[in-house]
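These notes concern the structure reproduced below.
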Amino acid sequence: MLIQPDVPPEFRTCGRCRRTQGPGFQLSFAYQPIVDVASRSVYAYEALVRGPKGESAWSVLSRVNEENRYEFDQACRIQAIRTAAELGIHERLSINFLPNAVYHPATCIQHTFNAAREVGYPLENLIFEVPEGQRVPDRPHLVHIFREYRRYGFGTAIDDFGAGFAGLELLSEFQPNFLKLGMGLVRGIDRNPARQAIVHGVLTMCAELGVQVLAEGVETREERDWLAAAGVGLMQGYLFGKPRLRRVEDVEQAAWH
């Protein structure tokens with residue numbers, strides 16, 4: 001059940017959260033499918049930031065600074081939702097967010113609520129994910145954001161698990177709905193015993209914690225088959241579909257065989 005957050009009085013006059021201007025540069029989004037291998041269907045799409053002509057995410061993120069971080073984060077959420085609605089996406093939508101741009105969860109989520117309602121996108125289908133590699137000086141603040149987002153009814157995810165700074169310590173403090181295995185663990189896992197052992201351990205741990213594991217960066221049938229046999233039900237990667245700028249495509253049948 002989705003809960004409309006109450007904004008404490010001390011935050012209702014937050015000047016920054018009332019700003020409507022963008023980050024000072026244009027951006028667009030590419031959408032990549034996340035699939036359920038058992039049902040051979042699209043489970044969700046991840047919205048990946050790009051430049052207006054499809055320039056890389058790095059070319060966009062390199063322009064984010066202390067002055068425009070909040071505006072960038074808000075613009076990403078709003079544009080990702082609006083474009084998804086225009087493309088007819090009804091599945092879940094995973095959006096990356098910058099924890100350092102969220103000053104107070106109840107206040108900073110208001111524009112997201114409004115954008116989704118304006119285009120008729122189901123709020124309960126939103127998933128907010130943060131890369132494990134994102135440096136967050138104030139980890140308790142990130143945990144607070146995650147807990148509030150879950151209370152509002154949103155899905156939560158830790159991206160690129162195994163590739164960053166937070167790792168098990170973050171997972172011990174908050175158990176998200178999804179944990180995304182990073183490409184470094186997935187690449188060639190069918191022939192790498194060390195990675196296999198690590199992933200088996202992660203799967204066991206997540207099963208006990210009630211966290212669903214998603215493998216990203218899946219590029220070969222061999223990786224897909226090993227992961228599926230190990231118990232990974234959700235996957236993302238070039239085998240199923242590349243990120244497409246302002247469009248979505250069906251998963252090719254060859255990806256399932």
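Each chain in the structure tokens gets a letter, A, B, ..., in the order shown, and its residues are numbered from 1; ligands are numbered from 1 in order too.
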
Do a neighbour search on region 186-202 of chain A at 7 Å with only C-alpha atoms, toss out local chain neighbours closer than 5 positions, and write the hits as a list in words.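 What passes the distance filter is Leu181, Ala215, Gly217, Val218, Glu222, Glu223 and Trp226 of chain A.
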
Excluding same-chain residues fewer than 2 positions from Ala255 (chain A), what lies within 8 Å of it counting only C-alpha atoms, as a VMD selection string? chain A and resid 221 239 to 240 251 to 253 257

Could you name the residues that touch region 111-119 of chain A at 9 Å or less, counting only C-alpha atoms, but leaving out those on the same chain fewer than 3 positions away, as an MDAnalysis selection string? chainID A and resid 4 17 74 77:79 81:82 85:86 107:108 122:123

Tell me, which residues of region 55-202 of chain A carry DSSP helix (DSSP H, G or I), written as a VMD selection string? chain A and resid 57 to 61 69 to 86 99 to 101 105 to 108 110 to 119 123 to 125 139 to 152 167 to 173 183 to 186 189 to 191 193 to 202

Selected residue of minimal separation from Leu126 (chain A) among A:Val143, A:Ala80, A:Leu168, A:Leu209, counting only C-alpha atoms: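 Once distances to Leu126 (chain A) are computed over only C-alpha atoms, the minimum belongs to A:Ala80.
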
With a distance cut-off of 7 Å and only C-alpha atoms, select the neighbouring residues of Gly22 (chain A), excluding the residue or stretch itself and same-chain residues fewer than 3 positions from it, and output the selection as a PyMOL selection string. chain A and resi 71-72+75

Write out, as a PDB file, in the first residue's frame, the residues just selected, with N, CA, C and O atoms.
```pdb
ATOM      1  N   GLU A  71      18.852  19.481  -8.234  1.00  0.00           N
ATOM      2  CA  GLU A  71      18.045  19.702  -9.429  1.00  0.00           C
ATOM      3  C   GLU A  71      18.222  18.556 -10.426  1.00  0.00           C
ATOM      4  O   GLU A  71      17.262  18.126 -11.075  1.00  0.00           O
ATOM      5  N   PHE A  72      19.451  18.043 -10.538  1.00  0.00           N
ATOM      6  CA  PHE A  72      19.700  16.914 -11.439  1.00  0.00           C
ATOM      7  C   PHE A  72      18.940  15.678 -10.987  1.00  0.00           C
ATOM      8  O   PHE A  72      18.283  15.006 -11.791  1.00  0.00           O
ATOM      9  N   ALA A  75      15.284  16.144 -11.707  1.00  0.00           N
ATOM     10  CA  ALA A  75      15.009  16.097 -13.142  1.00  0.00           C
ATOM     11  C   ALA A  75      15.056  14.671 -13.662  1.00  0.00           C
ATOM     12  O   ALA A  75      14.250  14.271 -14.515  1.00  0.00           O
TER      13      ALA A  75
END
```

Please give the complete set of residues from region 65-219 of chain A that DSSP, run on the backbone, assigns to strand (DSSP E), formatted as a VMD selection string. chain A and resid 92 to 96 126 to 131 155 to 161 178 to 181 212 to 216

Quick one: everything within 10 Å of Leu170 (chain A), counting only C-alpha atoms, minus sequence neighbours fewer than 6 positions away in the same chain. Send it as an NGL selection string. :A and (132 or 139-140 or 142-143 or 158 or 176)

Residue selection dump (N, CA and C atoms) as an mmCIF file, in the first residue's frame:
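The new file selection_7.cif reads:
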```
data_model
loop_
_atom_site.group_PDB
_atom_site.id
_atom_site.type_symbol
_atom_site.label_atom_id
_atom_site.label_comp_id
_atom_site.auth_asym_id
_atom_site.auth_seq_id
_atom_site.Cartn_x
_atom_site.Cartn_y
_atom_site.Cartn_z
ATOM 1 N N GLU A 132 26.136 0.463 -5.207
ATOM 2 C CA GLU A 132 26.962 0.215 -4.028
ATOM 3 C C GLU A 132 28.217 1.077 -4.092
ATOM 4 N N ARG A 139 26.186 7.233 5.720
ATOM 5 C CA ARG A 139 25.436 6.021 5.419
ATOM 6 C C ARG A 139 24.144 5.920 6.227
ATOM 7 N N PRO A 140 24.106 6.359 7.496
ATOM 8 C CA PRO A 140 22.818 6.337 8.198
ATOM 9 C C PRO A 140 21.736 7.132 7.462
ATOM 10 N N LEU A 142 21.498 7.399 4.163
ATOM 11 C CA LEU A 142 21.044 6.530 3.078
ATOM 12 C C LEU A 142 20.085 5.471 3.609
ATOM 13 N N VAL A 143 20.418 4.873 4.731
ATOM 14 C CA VAL A 143 19.541 3.864 5.321
ATOM 15 C C VAL A 143 18.182 4.467 5.661
ATOM 16 N N ILE A 158 19.894 -2.252 -4.180
ATOM 17 C CA ILE A 158 21.313 -1.911 -4.160
ATOM 18 C C ILE A 158 21.905 -2.426 -5.463
ATOM 19 N N PRO A 176 17.208 -4.409 1.193
ATOM 20 C CA PRO A 176 16.349 -3.887 0.128
ATOM 21 C C PRO A 176 15.481 -4.989 -0.468
#
```

Shell around Asn125 (chain A) at 10 Å using only C-alpha atoms, local window under 3 positions removed, as an NGL selection string: :A and (44 or 90-94 or 121-122 or 153-155)

Determine, counting only C-alpha atoms, which protein, DNA and RNA residues have an atom within 10 Å of an atom of Lys53 (chain A); residues of the same chain fewer than 6 positions away are not included. Present the result as a ChimeraX atom specification. /A:26-29,245

Take the residues from that selection and put them in a file with N, CA, C and O atoms, as a CSV table (one decimal), in the first residue's frame.
```
chain,number,residue,atom,x,y,z
A,26,GLN,N,20.7,19.5,-20.7
A,26,GLN,CA,19.7,18.6,-21.1
A,26,GLN,C,20.1,17.2,-20.9
A,26,GLN,O,21.3,16.8,-20.8
A,27,LEU,N,19.1,16.3,-20.7
A,27,LEU,CA,19.4,14.9,-20.5
A,27,LEU,C,18.2,14.1,-21.1
A,27,LEU,O,17.2,14.7,-21.4
A,28,SER,N,18.5,12.8,-21.3
A,28,SER,CA,17.4,11.9,-21.8
A,28,SER,C,17.6,10.6,-21.2
A,28,SER,O,18.6,10.4,-20.4
A,29,PHE,N,16.8,9.6,-21.6
A,29,PHE,CA,16.9,8.3,-20.9
A,29,PHE,C,16.8,7.2,-21.9
A,29,PHE,O,16.1,7.2,-22.9
A,245,LEU,N,17.6,4.3,-26.5
A,245,LEU,CA,17.3,5.7,-26.2
A,245,LEU,C,15.9,6.0,-26.5
A,245,LEU,O,15.5,5.9,-27.7
```

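Each of A:Tyr31, A:Phe25, A:Trp256, A:Tyr152 was compared to Thr83 (chain A) using only C-alpha atoms, and A:Tyr31 turns out to be the nearest.
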